[in-house]
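Chemist: Structure file structure_10.cif, mmCIF, N, CA and C atoms and all ligand atoms, is pasted below:
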```
data_start
loop_
_atom_site.label_atom_id
_atom_site.label_comp_id
_atom_site.auth_asym_id
_atom_site.auth_seq_id
_atom_site.Cartn_x
_atom_site.Cartn_y
_atom_site.Cartn_z
N MET A 1 -4.24 -16.92 -31.42
CA MET A 1 -3.90 -15.52 -31.15
C MET A 1 -2.56 -15.16 -31.80
N GLY A 2 -1.51 -15.98 -31.59
CA GLY A 2 -0.23 -15.77 -32.26
C GLY A 2 0.36 -14.40 -32.03
N ASN A 3 0.68 -13.73 -33.14
CA ASN A 3 1.30 -12.41 -33.03
C ASN A 3 0.30 -11.28 -33.04
N ASP A 4 -0.96 -11.63 -32.90
CA ASP A 4 -2.01 -10.62 -32.98
C ASP A 4 -1.88 -9.57 -31.87
N HIS A 5 -1.92 -8.32 -32.26
CA HIS A 5 -1.82 -7.21 -31.30
C HIS A 5 -0.63 -7.34 -30.35
N LEU A 6 0.49 -7.75 -30.89
CA LEU A 6 1.66 -8.03 -30.07
C LEU A 6 2.26 -6.78 -29.43
N ILE A 7 2.29 -5.67 -30.18
CA ILE A 7 2.85 -4.43 -29.61
C ILE A 7 2.02 -4.02 -28.38
N THR A 8 0.71 -4.01 -28.56
CA THR A 8 -0.18 -3.63 -27.45
C THR A 8 0.02 -4.57 -26.27
N ARG A 9 0.08 -5.88 -26.56
CA ARG A 9 0.20 -6.84 -25.45
C ARG A 9 1.52 -6.71 -24.70
N LEU A 10 2.61 -6.53 -25.46
CA LEU A 10 3.92 -6.39 -24.82
C LEU A 10 3.96 -5.15 -23.92
N MET A 11 3.41 -4.06 -24.43
CA MET A 11 3.50 -2.81 -23.68
C MET A 11 2.53 -2.79 -22.49
N ILE A 12 1.38 -3.42 -22.63
CA ILE A 12 0.46 -3.52 -21.49
C ILE A 12 1.12 -4.33 -20.38
N LYS A 13 1.84 -5.38 -20.76
CA LYS A 13 2.54 -6.19 -19.77
C LYS A 13 3.55 -5.34 -19.00
N SER A 14 4.26 -4.50 -19.72
CA SER A 14 5.23 -3.62 -19.09
C SER A 14 4.53 -2.59 -18.18
N HIS A 15 3.39 -2.06 -18.63
CA HIS A 15 2.61 -1.14 -17.79
C HIS A 15 2.15 -1.83 -16.50
N GLN A 16 1.74 -3.08 -16.64
CA GLN A 16 1.25 -3.81 -15.46
C GLN A 16 2.35 -4.01 -14.42
N GLU A 17 3.55 -4.26 -14.92
CA GLU A 17 4.70 -4.41 -14.02
C GLU A 17 4.93 -3.12 -13.23
N ILE A 18 4.87 -1.99 -13.95
CA ILE A 18 5.06 -0.69 -13.31
C ILE A 18 3.95 -0.45 -12.27
N ASP A 19 2.72 -0.78 -12.66
CA ASP A 19 1.58 -0.62 -11.76
C ASP A 19 1.73 -1.43 -10.47
N GLN A 20 2.19 -2.67 -10.63
CA GLN A 20 2.37 -3.53 -9.45
C GLN A 20 3.43 -2.95 -8.52
N ARG A 21 4.51 -2.46 -9.10
CA ARG A 21 5.58 -1.86 -8.29
C ARG A 21 5.11 -0.59 -7.60
N LEU A 22 4.29 0.16 -8.32
CA LEU A 22 3.74 1.40 -7.77
C LEU A 22 2.83 1.09 -6.57
N ALA A 23 2.00 0.07 -6.72
CA ALA A 23 1.09 -0.32 -5.64
C ALA A 23 1.88 -0.82 -4.43
N LEU A 24 2.95 -1.57 -4.72
CA LEU A 24 3.81 -2.10 -3.66
C LEU A 24 4.47 -0.94 -2.91
N LEU A 25 5.00 0.02 -3.66
CA LEU A 25 5.67 1.16 -3.06
C LEU A 25 4.71 1.94 -2.16
N GLU A 26 3.49 2.10 -2.65
CA GLU A 26 2.49 2.84 -1.88
C GLU A 26 2.22 2.17 -0.53
N LYS A 27 2.21 0.84 -0.53
CA LYS A 27 1.99 0.09 0.71
C LYS A 27 3.16 0.27 1.68
N ILE A 28 4.36 0.25 1.11
CA ILE A 28 5.57 0.28 1.93
C ILE A 28 5.84 1.66 2.54
N ILE A 29 5.52 2.72 1.77
CA ILE A 29 5.78 4.09 2.25
C ILE A 29 5.10 4.30 3.60
N GLY A 30 5.82 4.83 4.54
CA GLY A 30 5.22 5.08 5.86
C GLY A 30 5.45 3.94 6.83
N ARG A 31 5.48 2.72 6.29
CA ARG A 31 5.69 1.56 7.17
C ARG A 31 7.16 1.33 7.41
N ASP A 32 7.92 1.35 6.31
CA ASP A 32 9.33 1.03 6.40
C ASP A 32 10.13 1.91 5.43
N PRO A 33 10.51 3.11 5.89
CA PRO A 33 11.16 4.07 5.01
C PRO A 33 12.40 3.50 4.29
N GLY A 34 13.18 2.69 4.98
CA GLY A 34 14.37 2.11 4.37
C GLY A 34 14.02 1.24 3.17
N LEU A 35 12.98 0.46 3.35
CA LEU A 35 12.52 -0.43 2.30
C LEU A 35 11.84 0.36 1.18
N ALA A 36 11.18 1.45 1.55
CA ALA A 36 10.51 2.29 0.55
C ALA A 36 11.53 2.91 -0.39
N ASP A 37 12.67 3.28 0.14
CA ASP A 37 13.72 3.87 -0.70
C ASP A 37 14.16 2.87 -1.77
N LYS A 38 14.41 1.65 -1.35
CA LYS A 38 14.85 0.61 -2.27
C LYS A 38 13.76 0.33 -3.32
N SER A 39 12.54 0.24 -2.83
CA SER A 39 11.41 -0.04 -3.70
C SER A 39 11.22 1.11 -4.72
N PHE A 40 11.41 2.35 -4.25
CA PHE A 40 11.29 3.50 -5.15
C PHE A 40 12.36 3.45 -6.25
N LEU A 41 13.59 3.15 -5.86
CA LEU A 41 14.67 3.15 -6.85
C LEU A 41 14.46 2.07 -7.91
N GLU A 42 13.90 0.94 -7.49
CA GLU A 42 13.58 -0.12 -8.46
C GLU A 42 12.47 0.34 -9.42
N LEU A 43 11.48 1.00 -8.87
CA LEU A 43 10.40 1.53 -9.71
C LEU A 43 10.93 2.57 -10.69
N LYS A 44 11.80 3.44 -10.19
CA LYS A 44 12.38 4.50 -11.04
C LYS A 44 13.14 3.89 -12.22
N ASN A 45 13.94 2.87 -11.95
CA ASN A 45 14.67 2.18 -13.02
C ASN A 45 13.72 1.58 -14.05
N LEU A 46 12.67 0.96 -13.53
CA LEU A 46 11.70 0.30 -14.41
C LEU A 46 11.01 1.31 -15.32
N ILE A 47 10.61 2.45 -14.75
CA ILE A 47 9.91 3.47 -15.53
C ILE A 47 10.86 4.11 -16.56
N GLU A 48 12.09 4.38 -16.14
CA GLU A 48 13.06 4.98 -17.06
C GLU A 48 13.32 4.05 -18.25
N LYS A 49 13.42 2.76 -17.95
CA LYS A 49 13.64 1.77 -19.00
C LYS A 49 12.42 1.70 -19.95
N HIS A 50 11.25 1.76 -19.36
CA HIS A 50 10.01 1.72 -20.14
C HIS A 50 9.93 2.90 -21.11
N PHE A 51 10.24 4.09 -20.62
CA PHE A 51 10.19 5.29 -21.47
C PHE A 51 11.21 5.19 -22.59
N LEU A 52 12.37 4.66 -22.26
CA LEU A 52 13.44 4.51 -23.26
C LEU A 52 12.98 3.55 -24.36
N ILE A 53 12.35 2.46 -23.97
CA ILE A 53 11.83 1.51 -24.95
C ILE A 53 10.79 2.18 -25.85
N GLU A 54 9.88 2.92 -25.23
CA GLU A 54 8.84 3.57 -26.03
C GLU A 54 9.45 4.58 -27.01
N GLU A 55 10.37 5.38 -26.49
CA GLU A 55 10.90 6.45 -27.33
C GLU A 55 11.84 5.92 -28.42
N LYS A 56 12.65 4.91 -28.08
CA LYS A 56 13.64 4.43 -29.06
C LYS A 56 13.12 3.32 -29.96
N ALA A 57 12.22 2.48 -29.44
CA ALA A 57 11.76 1.34 -30.24
C ALA A 57 10.43 1.62 -30.93
N ILE A 58 9.67 2.61 -30.42
CA ILE A 58 8.33 2.81 -30.98
C ILE A 58 8.15 4.23 -31.52
N PHE A 59 8.26 5.22 -30.65
CA PHE A 59 7.97 6.59 -31.07
C PHE A 59 8.87 7.05 -32.21
N ALA A 60 10.11 6.59 -32.19
CA ALA A 60 11.08 7.03 -33.20
C ALA A 60 10.63 6.68 -34.62
N PHE A 61 9.78 5.66 -34.75
CA PHE A 61 9.39 5.21 -36.09
C PHE A 61 7.99 5.64 -36.50
N ILE A 62 7.12 5.88 -35.55
CA ILE A 62 5.73 6.11 -35.98
C ILE A 62 5.47 7.52 -36.47
N LYS A 63 6.37 8.42 -36.23
CA LYS A 63 6.22 9.76 -36.81
C LYS A 63 6.09 9.64 -38.32
N LYS A 64 6.97 8.81 -38.88
CA LYS A 64 6.99 8.65 -40.34
C LYS A 64 5.87 7.73 -40.82
N LEU A 65 5.56 6.72 -40.03
CA LEU A 65 4.69 5.67 -40.52
C LEU A 65 3.21 5.95 -40.37
N ASN A 66 2.86 6.62 -39.31
CA ASN A 66 1.46 6.59 -38.92
C ASN A 66 0.73 7.94 -38.91
N GLN A 67 1.51 8.99 -39.08
CA GLN A 67 0.95 10.34 -38.98
C GLN A 67 0.11 10.55 -37.73
N TYR A 68 0.54 9.92 -36.69
CA TYR A 68 -0.11 10.12 -35.39
C TYR A 68 0.50 11.36 -34.76
N ASP A 69 -0.33 12.31 -34.34
CA ASP A 69 0.25 13.58 -33.87
C ASP A 69 0.29 13.71 -32.34
N GLY A 70 0.05 12.61 -31.64
CA GLY A 70 0.04 12.68 -30.18
C GLY A 70 1.40 12.44 -29.53
N ILE A 71 2.42 12.13 -30.35
CA ILE A 71 3.73 11.78 -29.79
C ILE A 71 4.39 12.90 -28.97
N PRO A 72 4.44 14.14 -29.49
CA PRO A 72 5.10 15.19 -28.69
C PRO A 72 4.49 15.31 -27.30
N ASN A 73 3.18 15.17 -27.22
CA ASN A 73 2.51 15.25 -25.93
C ASN A 73 2.91 14.10 -25.01
N LEU A 74 3.01 12.90 -25.56
CA LEU A 74 3.43 11.75 -24.76
C LEU A 74 4.88 11.92 -24.27
N VAL A 75 5.74 12.44 -25.14
CA VAL A 75 7.14 12.65 -24.76
C VAL A 75 7.24 13.74 -23.67
N ASN A 76 6.43 14.80 -23.81
CA ASN A 76 6.40 15.82 -22.76
C ASN A 76 6.01 15.22 -21.42
N GLN A 77 5.01 14.32 -21.45
CA GLN A 77 4.59 13.68 -20.20
C GLN A 77 5.69 12.79 -19.63
N HIS A 78 6.41 12.10 -20.52
CA HIS A 78 7.57 11.31 -20.05
C HIS A 78 8.54 12.22 -19.31
N ASN A 79 8.87 13.35 -19.95
CA ASN A 79 9.86 14.25 -19.35
C ASN A 79 9.39 14.79 -18.00
N LEU A 80 8.11 15.09 -17.93
CA LEU A 80 7.54 15.56 -16.67
C LEU A 80 7.64 14.48 -15.59
N MET A 81 7.34 13.25 -15.96
CA MET A 81 7.42 12.15 -14.99
C MET A 81 8.86 11.89 -14.57
N LEU A 82 9.79 12.00 -15.52
CA LEU A 82 11.21 11.81 -15.17
C LEU A 82 11.66 12.89 -14.18
N GLU A 83 11.15 14.11 -14.38
CA GLU A 83 11.49 15.20 -13.46
C GLU A 83 10.94 14.91 -12.06
N ILE A 84 9.70 14.42 -12.01
CA ILE A 84 9.11 14.08 -10.71
C ILE A 84 9.92 12.97 -10.04
N LEU A 85 10.33 11.96 -10.83
CA LEU A 85 11.13 10.86 -10.27
C LEU A 85 12.46 11.37 -9.72
N ASN A 86 13.10 12.29 -10.45
CA ASN A 86 14.36 12.86 -9.96
C ASN A 86 14.16 13.65 -8.67
N ASN A 87 13.06 14.40 -8.61
CA ASN A 87 12.75 15.14 -7.38
C ASN A 87 12.54 14.20 -6.20
N LEU A 88 11.85 13.09 -6.46
CA LEU A 88 11.62 12.12 -5.40
C LEU A 88 12.93 11.48 -4.94
N GLU A 89 13.81 11.23 -5.88
CA GLU A 89 15.11 10.66 -5.52
C GLU A 89 15.90 11.64 -4.64
N ASN A 90 15.79 12.91 -4.98
CA ASN A 90 16.43 13.93 -4.13
C ASN A 90 15.85 13.95 -2.72
N LYS A 91 14.57 13.67 -2.62
CA LYS A 91 13.94 13.60 -1.30
C LYS A 91 14.54 12.47 -0.48
N ILE A 92 14.76 11.34 -1.12
CA ILE A 92 15.40 10.22 -0.43
C ILE A 92 16.78 10.65 0.06
N PHE A 93 17.52 11.31 -0.83
CA PHE A 93 18.87 11.75 -0.50
C PHE A 93 18.87 12.67 0.72
N SER A 94 17.85 13.53 0.80
CA SER A 94 17.82 14.45 1.94
C SER A 94 16.87 13.97 3.04
N ASN A 95 16.60 12.66 3.04
CA ASN A 95 15.82 12.03 4.11
C ASN A 95 14.42 12.60 4.32
N GLN A 96 13.78 13.00 3.23
CA GLN A 96 12.40 13.46 3.35
C GLN A 96 11.45 12.33 2.96
N LYS A 97 10.22 12.49 3.42
CA LYS A 97 9.23 11.44 3.14
C LYS A 97 8.79 11.47 1.67
N LEU A 98 8.60 10.30 1.10
CA LEU A 98 8.18 10.20 -0.30
C LEU A 98 6.67 10.35 -0.43
N GLY A 99 6.26 11.03 -1.51
CA GLY A 99 4.84 11.07 -1.85
C GLY A 99 4.70 10.80 -3.34
N ILE A 100 3.84 9.88 -3.72
CA ILE A 100 3.80 9.52 -5.14
C ILE A 100 2.47 9.85 -5.81
N SER A 101 1.64 10.67 -5.15
CA SER A 101 0.31 10.92 -5.72
C SER A 101 0.40 11.70 -7.04
N LYS A 102 1.36 12.62 -7.12
CA LYS A 102 1.52 13.42 -8.35
C LYS A 102 1.92 12.52 -9.53
N LEU A 103 2.85 11.62 -9.25
CA LEU A 103 3.31 10.68 -10.27
C LEU A 103 2.15 9.81 -10.75
N LYS A 104 1.39 9.30 -9.80
CA LYS A 104 0.26 8.43 -10.13
C LYS A 104 -0.78 9.14 -10.99
N ALA A 105 -1.00 10.42 -10.67
CA ALA A 105 -2.02 11.19 -11.39
C ALA A 105 -1.65 11.37 -12.86
N ILE A 106 -0.37 11.40 -13.16
CA ILE A 106 0.04 11.56 -14.57
C ILE A 106 0.12 10.21 -15.27
N ILE A 107 0.60 9.21 -14.56
CA ILE A 107 0.77 7.89 -15.18
C ILE A 107 -0.55 7.33 -15.71
N LYS A 108 -1.60 7.45 -14.93
CA LYS A 108 -2.86 6.80 -15.31
C LYS A 108 -3.43 7.23 -16.66
N PRO A 109 -3.63 8.54 -16.88
CA PRO A 109 -4.17 8.95 -18.19
C PRO A 109 -3.18 8.71 -19.33
N HIS A 110 -1.89 8.82 -19.02
CA HIS A 110 -0.85 8.58 -20.03
C HIS A 110 -0.93 7.13 -20.52
N ARG A 111 -0.99 6.24 -19.58
CA ARG A 111 -1.08 4.82 -19.88
C ARG A 111 -2.32 4.51 -20.73
N LYS A 112 -3.41 5.18 -20.39
CA LYS A 112 -4.66 4.92 -21.10
C LYS A 112 -4.57 5.32 -22.58
N ILE A 113 -3.97 6.49 -22.85
CA ILE A 113 -3.81 6.93 -24.24
C ILE A 113 -3.01 5.90 -25.03
N GLU A 114 -1.94 5.41 -24.42
CA GLU A 114 -1.10 4.43 -25.12
C GLU A 114 -1.84 3.11 -25.35
N GLU A 115 -2.53 2.65 -24.35
CA GLU A 115 -3.16 1.33 -24.44
C GLU A 115 -4.43 1.33 -25.28
N VAL A 116 -5.16 2.44 -25.24
CA VAL A 116 -6.46 2.47 -25.91
C VAL A 116 -6.35 3.03 -27.32
N ILE A 117 -5.45 4.01 -27.51
CA ILE A 117 -5.37 4.65 -28.82
C ILE A 117 -4.10 4.25 -29.58
N LEU A 118 -2.95 4.60 -29.01
CA LEU A 118 -1.70 4.49 -29.78
C LEU A 118 -1.33 3.07 -30.17
N TYR A 119 -1.20 2.17 -29.20
CA TYR A 119 -0.71 0.83 -29.53
C TYR A 119 -1.67 0.03 -30.40
N PRO A 120 -2.99 0.08 -30.12
CA PRO A 120 -3.91 -0.62 -31.03
C PRO A 120 -3.84 -0.08 -32.47
N ARG A 121 -3.62 1.24 -32.60
CA ARG A 121 -3.47 1.79 -33.95
C ARG A 121 -2.25 1.22 -34.65
N LEU A 122 -1.14 1.11 -33.92
CA LEU A 122 0.06 0.53 -34.51
C LEU A 122 -0.21 -0.90 -34.94
N ASP A 123 -0.85 -1.66 -34.05
CA ASP A 123 -1.11 -3.07 -34.34
C ASP A 123 -2.05 -3.26 -35.54
N THR A 124 -2.92 -2.30 -35.78
CA THR A 124 -3.84 -2.48 -36.91
C THR A 124 -3.36 -1.76 -38.17
N GLU A 125 -2.58 -0.68 -38.03
CA GLU A 125 -2.24 0.11 -39.22
C GLU A 125 -0.88 -0.18 -39.84
N LEU A 126 0.06 -0.68 -39.02
CA LEU A 126 1.39 -0.96 -39.59
C LEU A 126 1.36 -2.28 -40.37
N ASP A 127 2.26 -2.41 -41.34
CA ASP A 127 2.30 -3.70 -42.02
C ASP A 127 3.15 -4.69 -41.21
N GLU A 128 3.09 -5.96 -41.61
CA GLU A 128 3.70 -7.03 -40.80
C GLU A 128 5.20 -6.81 -40.57
N SER A 129 5.90 -6.37 -41.60
CA SER A 129 7.35 -6.22 -41.43
C SER A 129 7.69 -5.04 -40.52
N GLN A 130 6.90 -3.99 -40.58
CA GLN A 130 7.11 -2.85 -39.67
C GLN A 130 6.84 -3.27 -38.22
N LYS A 131 5.77 -4.03 -38.03
CA LYS A 131 5.45 -4.49 -36.67
C LYS A 131 6.53 -5.41 -36.14
N LYS A 132 7.02 -6.29 -37.02
CA LYS A 132 8.06 -7.23 -36.62
C LYS A 132 9.31 -6.47 -36.19
N PHE A 133 9.64 -5.45 -36.95
CA PHE A 133 10.81 -4.61 -36.65
C PHE A 133 10.68 -3.99 -35.25
N ILE A 134 9.52 -3.40 -34.98
CA ILE A 134 9.28 -2.75 -33.68
C ILE A 134 9.26 -3.78 -32.55
N VAL A 135 8.56 -4.89 -32.77
CA VAL A 135 8.47 -5.93 -31.72
C VAL A 135 9.87 -6.45 -31.37
N GLU A 136 10.70 -6.65 -32.38
CA GLU A 136 12.05 -7.15 -32.10
C GLU A 136 12.89 -6.14 -31.32
N LYS A 137 12.70 -4.87 -31.66
CA LYS A 137 13.42 -3.83 -30.90
C LYS A 137 12.95 -3.81 -29.45
N ILE A 138 11.63 -3.89 -29.25
CA ILE A 138 11.09 -3.91 -27.89
C ILE A 138 11.68 -5.07 -27.10
N LYS A 139 11.63 -6.26 -27.71
CA LYS A 139 12.09 -7.46 -27.00
C LYS A 139 13.57 -7.38 -26.66
N LYS A 140 14.35 -6.82 -27.56
CA LYS A 140 15.78 -6.68 -27.31
C LYS A 140 16.02 -5.71 -26.14
N MET A 141 15.24 -4.64 -26.09
CA MET A 141 15.46 -3.63 -25.05
C MET A 141 14.88 -4.04 -23.70
N ILE A 142 13.87 -4.90 -23.71
CA ILE A 142 13.18 -5.30 -22.48
C ILE A 142 14.04 -6.25 -21.63
N LYS A 143 14.94 -6.97 -22.27
CA LYS A 143 15.80 -7.96 -21.59
C LYS A 143 16.52 -7.38 -20.37
FE FE B 201 4.70 6.38 -22.32
FE FE B 202 3.95 3.32 -21.62
#
```
Rewrite the structure from the file as structure tokens, please.
Ligand SMILES: [Fe+2]
Ligand SMILES: [Fe+2]
Modeler:
Amino acid sequence: MGNDHLITRLMIKSHQEIDQRLALLEKIIGRDPGLADKSFLELKNLIEKHFLIEEKAIFAFIKKLNQYDGIPNLVNQHNLMLEILNNLENKIFSNQKLGISKLKAIIKPHRKIEEVILYPRLDTELDESQKKFIVEKIKKMIK
């Protein structure tokens, strides 16, 4: 397998981490509000970091390389999700109950576009040195 489809594999791994945290948060909400707050803030950090990696290590380069026109839409969805996350954080600040159904509804289709269309296209259409460049940026930012 080696470096085959490495961009897709790295990013799916990151999506899975977010998914696991999201599922954990969903379980905790309602049972232990104090713990849910902590769990939410960890999830928020993870998602913000993930978007930063996508935008700085991947999206920034494929405009030129791949003529893929779905990027503005993906970035809009990132911004929408960041806004939802900020609103949820404000809820914690004002001691209101958290609800994550809106966030979940956007994350799922967004993730699918990246995993099924965007990342496999990068893995098959970019040349080896371009892929290496992106993979190294991802790995550096993921640390
Ligand atoms: Fe994304
Ligand atoms: Fe993503």
Chemist: For the alpha helix (DSSP H) assignment from backbone DSSP, which residues of chain A qualify? Please present them as a PyMOL selection string.
Modeler: chain A and resi 6-28+33-53+60-66+71-93+101-112+119-125+128-142
Chemist: Kindly provide the residues of chain A that approach ligand FE 201 (chain B) to within 12 Å, each paired with its closest atom pair and their distance in Å to one decimal, based on only C-alpha atoms and all ligand atoms, listed by chain and increasing number, as CSV.
Modeler:
```
residue,atom,partner,partner_atom,distance
A:Met11,CA,B:FE201,FE,9.4
A:Ile12,CA,B:FE201,FE,10.8
A:Ser14,CA,B:FE201,FE,10.5
A:His15,CA,B:FE201,FE,9.0
A:Ile18,CA,B:FE201,FE,11.5
A:Ile47,CA,B:FE201,FE,9.0
A:Glu48,CA,B:FE201,FE,10.0
A:Lys49,CA,B:FE201,FE,10.6
A:His50,CA,B:FE201,FE,7.4
A:Phe51,CA,B:FE201,FE,5.7
A:Leu52,CA,B:FE201,FE,9.0
A:Ile53,CA,B:FE201,FE,9.0
A:Glu54,CA,B:FE201,FE,6.2
A:Glu55,CA,B:FE201,FE,8.0
A:Lys56,CA,B:FE201,FE,11.4
A:Ala57,CA,B:FE201,FE,11.7
A:Ile58,CA,B:FE201,FE,10.0
A:Phe59,CA,B:FE201,FE,9.3
A:Gly70,CA,B:FE201,FE,11.1
A:Ile71,CA,B:FE201,FE,9.3
A:Pro72,CA,B:FE201,FE,10.9
A:Asn73,CA,B:FE201,FE,9.8
A:Leu74,CA,B:FE201,FE,6.0
A:Val75,CA,B:FE201,FE,7.2
A:Asn76,CA,B:FE201,FE,9.6
A:Gln77,CA,B:FE201,FE,7.6
A:His78,CA,B:FE201,FE,6.1
A:Asn79,CA,B:FE201,FE,9.9
A:Leu80,CA,B:FE201,FE,11.1
A:Met81,CA,B:FE201,FE,9.7
A:Leu82,CA,B:FE201,FE,11.1
A:Ile106,CA,B:FE201,FE,10.4
A:Ile107,CA,B:FE201,FE,8.3
A:Lys108,CA,B:FE201,FE,10.3
A:Pro109,CA,B:FE201,FE,10.1
A:His110,CA,B:FE201,FE,6.4
A:Arg111,CA,B:FE201,FE,6.5
A:Lys112,CA,B:FE201,FE,9.6
A:Ile113,CA,B:FE201,FE,8.7
A:Glu114,CA,B:FE201,FE,6.7
A:Glu115,CA,B:FE201,FE,9.6
A:Leu118,CA,B:FE201,FE,10.0
A:Tyr119,CA,B:FE201,FE,10.6
```
Chemist: Go ahead and write the selection's residues with N, CA and C atoms as a compact mmCIF listing (two decimals), in the coordinates of the input.
Modeler:
```
# COMPACT_ATOMS: atom_id res chain seq x y z
N MET A 11 3.41 -4.06 -24.43
CA MET A 11 3.50 -2.81 -23.68
C MET A 11 2.53 -2.79 -22.49
N ILE A 12 1.38 -3.42 -22.63
CA ILE A 12 0.46 -3.52 -21.49
C ILE A 12 1.12 -4.33 -20.38
N SER A 14 4.26 -4.50 -19.72
CA SER A 14 5.23 -3.62 -19.09
C SER A 14 4.53 -2.59 -18.18
N HIS A 15 3.39 -2.06 -18.63
CA HIS A 15 2.61 -1.14 -17.79
C HIS A 15 2.15 -1.83 -16.50
N ILE A 18 4.87 -1.99 -13.95
CA ILE A 18 5.06 -0.69 -13.31
C ILE A 18 3.95 -0.45 -12.27
N ILE A 47 10.61 2.45 -14.75
CA ILE A 47 9.91 3.47 -15.53
C ILE A 47 10.86 4.11 -16.56
N GLU A 48 12.09 4.38 -16.14
CA GLU A 48 13.06 4.98 -17.06
C GLU A 48 13.32 4.05 -18.25
N LYS A 49 13.42 2.76 -17.95
CA LYS A 49 13.64 1.77 -19.00
C LYS A 49 12.42 1.70 -19.95
N HIS A 50 11.25 1.76 -19.36
CA HIS A 50 10.01 1.72 -20.14
C HIS A 50 9.93 2.90 -21.11
N PHE A 51 10.24 4.09 -20.62
CA PHE A 51 10.19 5.29 -21.47
C PHE A 51 11.21 5.19 -22.59
N LEU A 52 12.37 4.66 -22.26
CA LEU A 52 13.44 4.51 -23.26
C LEU A 52 12.98 3.55 -24.36
N ILE A 53 12.35 2.46 -23.97
CA ILE A 53 11.83 1.51 -24.95
C ILE A 53 10.79 2.18 -25.85
N GLU A 54 9.88 2.92 -25.23
CA GLU A 54 8.84 3.57 -26.03
C GLU A 54 9.45 4.58 -27.01
N GLU A 55 10.37 5.38 -26.49
CA GLU A 55 10.90 6.45 -27.33
C GLU A 55 11.84 5.92 -28.42
N LYS A 56 12.65 4.91 -28.08
CA LYS A 56 13.64 4.43 -29.06
C LYS A 56 13.12 3.32 -29.96
N ALA A 57 12.22 2.48 -29.44
CA ALA A 57 11.76 1.34 -30.24
C ALA A 57 10.43 1.62 -30.93
N ILE A 58 9.67 2.61 -30.42
CA ILE A 58 8.33 2.81 -30.98
C ILE A 58 8.15 4.23 -31.52
N PHE A 59 8.26 5.22 -30.65
CA PHE A 59 7.97 6.59 -31.07
C PHE A 59 8.87 7.05 -32.21
N GLY A 70 0.05 12.61 -31.64
CA GLY A 70 0.04 12.68 -30.18
C GLY A 70 1.40 12.44 -29.53
N ILE A 71 2.42 12.13 -30.35
CA ILE A 71 3.73 11.78 -29.79
C ILE A 71 4.39 12.90 -28.97
N PRO A 72 4.44 14.14 -29.49
CA PRO A 72 5.10 15.19 -28.69
C PRO A 72 4.49 15.31 -27.30
N ASN A 73 3.18 15.17 -27.22
CA ASN A 73 2.51 15.25 -25.93
C ASN A 73 2.91 14.10 -25.01
N LEU A 74 3.01 12.90 -25.56
CA LEU A 74 3.43 11.75 -24.76
C LEU A 74 4.88 11.92 -24.27
N VAL A 75 5.74 12.44 -25.14
CA VAL A 75 7.14 12.65 -24.76
C VAL A 75 7.24 13.74 -23.67
N ASN A 76 6.43 14.80 -23.81
CA ASN A 76 6.40 15.82 -22.76
C ASN A 76 6.01 15.22 -21.42
N GLN A 77 5.01 14.32 -21.45
CA GLN A 77 4.59 13.68 -20.20
C GLN A 77 5.69 12.79 -19.63
N HIS A 78 6.41 12.10 -20.52
CA HIS A 78 7.57 11.31 -20.05
C HIS A 78 8.54 12.22 -19.31
N ASN A 79 8.87 13.35 -19.95
CA ASN A 79 9.86 14.25 -19.35
C ASN A 79 9.39 14.79 -18.00
N LEU A 80 8.11 15.09 -17.93
CA LEU A 80 7.54 15.56 -16.67
C LEU A 80 7.64 14.48 -15.59
N MET A 81 7.34 13.25 -15.96
CA MET A 81 7.42 12.15 -14.99
C MET A 81 8.86 11.89 -14.57
N LEU A 82 9.79 12.00 -15.52
CA LEU A 82 11.21 11.81 -15.17
C LEU A 82 11.66 12.89 -14.18
N ILE A 106 -0.37 11.40 -13.16
CA ILE A 106 0.04 11.56 -14.57
C ILE A 106 0.12 10.21 -15.27
N ILE A 107 0.60 9.21 -14.56
CA ILE A 107 0.77 7.89 -15.18
C ILE A 107 -0.55 7.33 -15.71
N LYS A 108 -1.60 7.45 -14.93
CA LYS A 108 -2.86 6.80 -15.31
C LYS A 108 -3.43 7.23 -16.66
N PRO A 109 -3.63 8.54 -16.88
CA PRO A 109 -4.17 8.95 -18.19
C PRO A 109 -3.18 8.71 -19.33
N HIS A 110 -1.89 8.82 -19.02
CA HIS A 110 -0.85 8.58 -20.03
C HIS A 110 -0.93 7.13 -20.52
N ARG A 111 -0.99 6.24 -19.58
CA ARG A 111 -1.08 4.82 -19.88
C ARG A 111 -2.32 4.51 -20.73
N LYS A 112 -3.41 5.18 -20.39
CA LYS A 112 -4.66 4.92 -21.10
C LYS A 112 -4.57 5.32 -22.58
N ILE A 113 -3.97 6.49 -22.85
CA ILE A 113 -3.81 6.93 -24.24
C ILE A 113 -3.01 5.90 -25.03
N GLU A 114 -1.94 5.41 -24.42
CA GLU A 114 -1.10 4.43 -25.12
C GLU A 114 -1.84 3.11 -25.35
N GLU A 115 -2.53 2.65 -24.35
CA GLU A 115 -3.16 1.33 -24.44
C GLU A 115 -4.43 1.33 -25.28
N LEU A 118 -2.95 4.60 -29.01
CA LEU A 118 -1.70 4.49 -29.78
C LEU A 118 -1.33 3.07 -30.17
N TYR A 119 -1.20 2.17 -29.20
CA TYR A 119 -0.71 0.83 -29.53
C TYR A 119 -1.67 0.03 -30.40
```
Chemist: What box, with edges along x, y and z, holds each listed atom of segment 13-32 of chain A when 5 Å is added on every side, and can you state its centre and edge lengths in Å to one decimal, as lines of an AutoDock Vina configuration file?
Modeler:
```
center_x = 5.6
center_y = -0.6
center_z = -6.7
size_x = 19.0
size_y = 21.3
size_z = 38.2
```
Chemist: Out of A:Ile117, A:Ile142, A:Ile29, A:Ile134, which residue has the shortest atom-to-atom distance to Ile7 of chain A when counting all atoms listed in the file?
Modeler: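 Of all the options, A:Ile134 lies closest to Ile7 of chain A.
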Chemist: Between A:Ala23, A:Leu126, A:Val116, A:Ile62, which has the minimum distance to ligand FE 202 (chain B) (counting only C-alpha atoms and all ligand atoms)?
Modeler: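 Ranking A:Ala23, A:Leu126, A:Val116, A:Ile62 by distance to ligand FE 202 (chain B), first place goes to A:Val116.
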Chemist: Report the distance between atom CA of Glu26 of chain A and atom N of Ile100 of chain A in Å, rounded to one decimal place.
Modeler: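 Rounded to one decimal, the two atoms are 7.4 Å apart.
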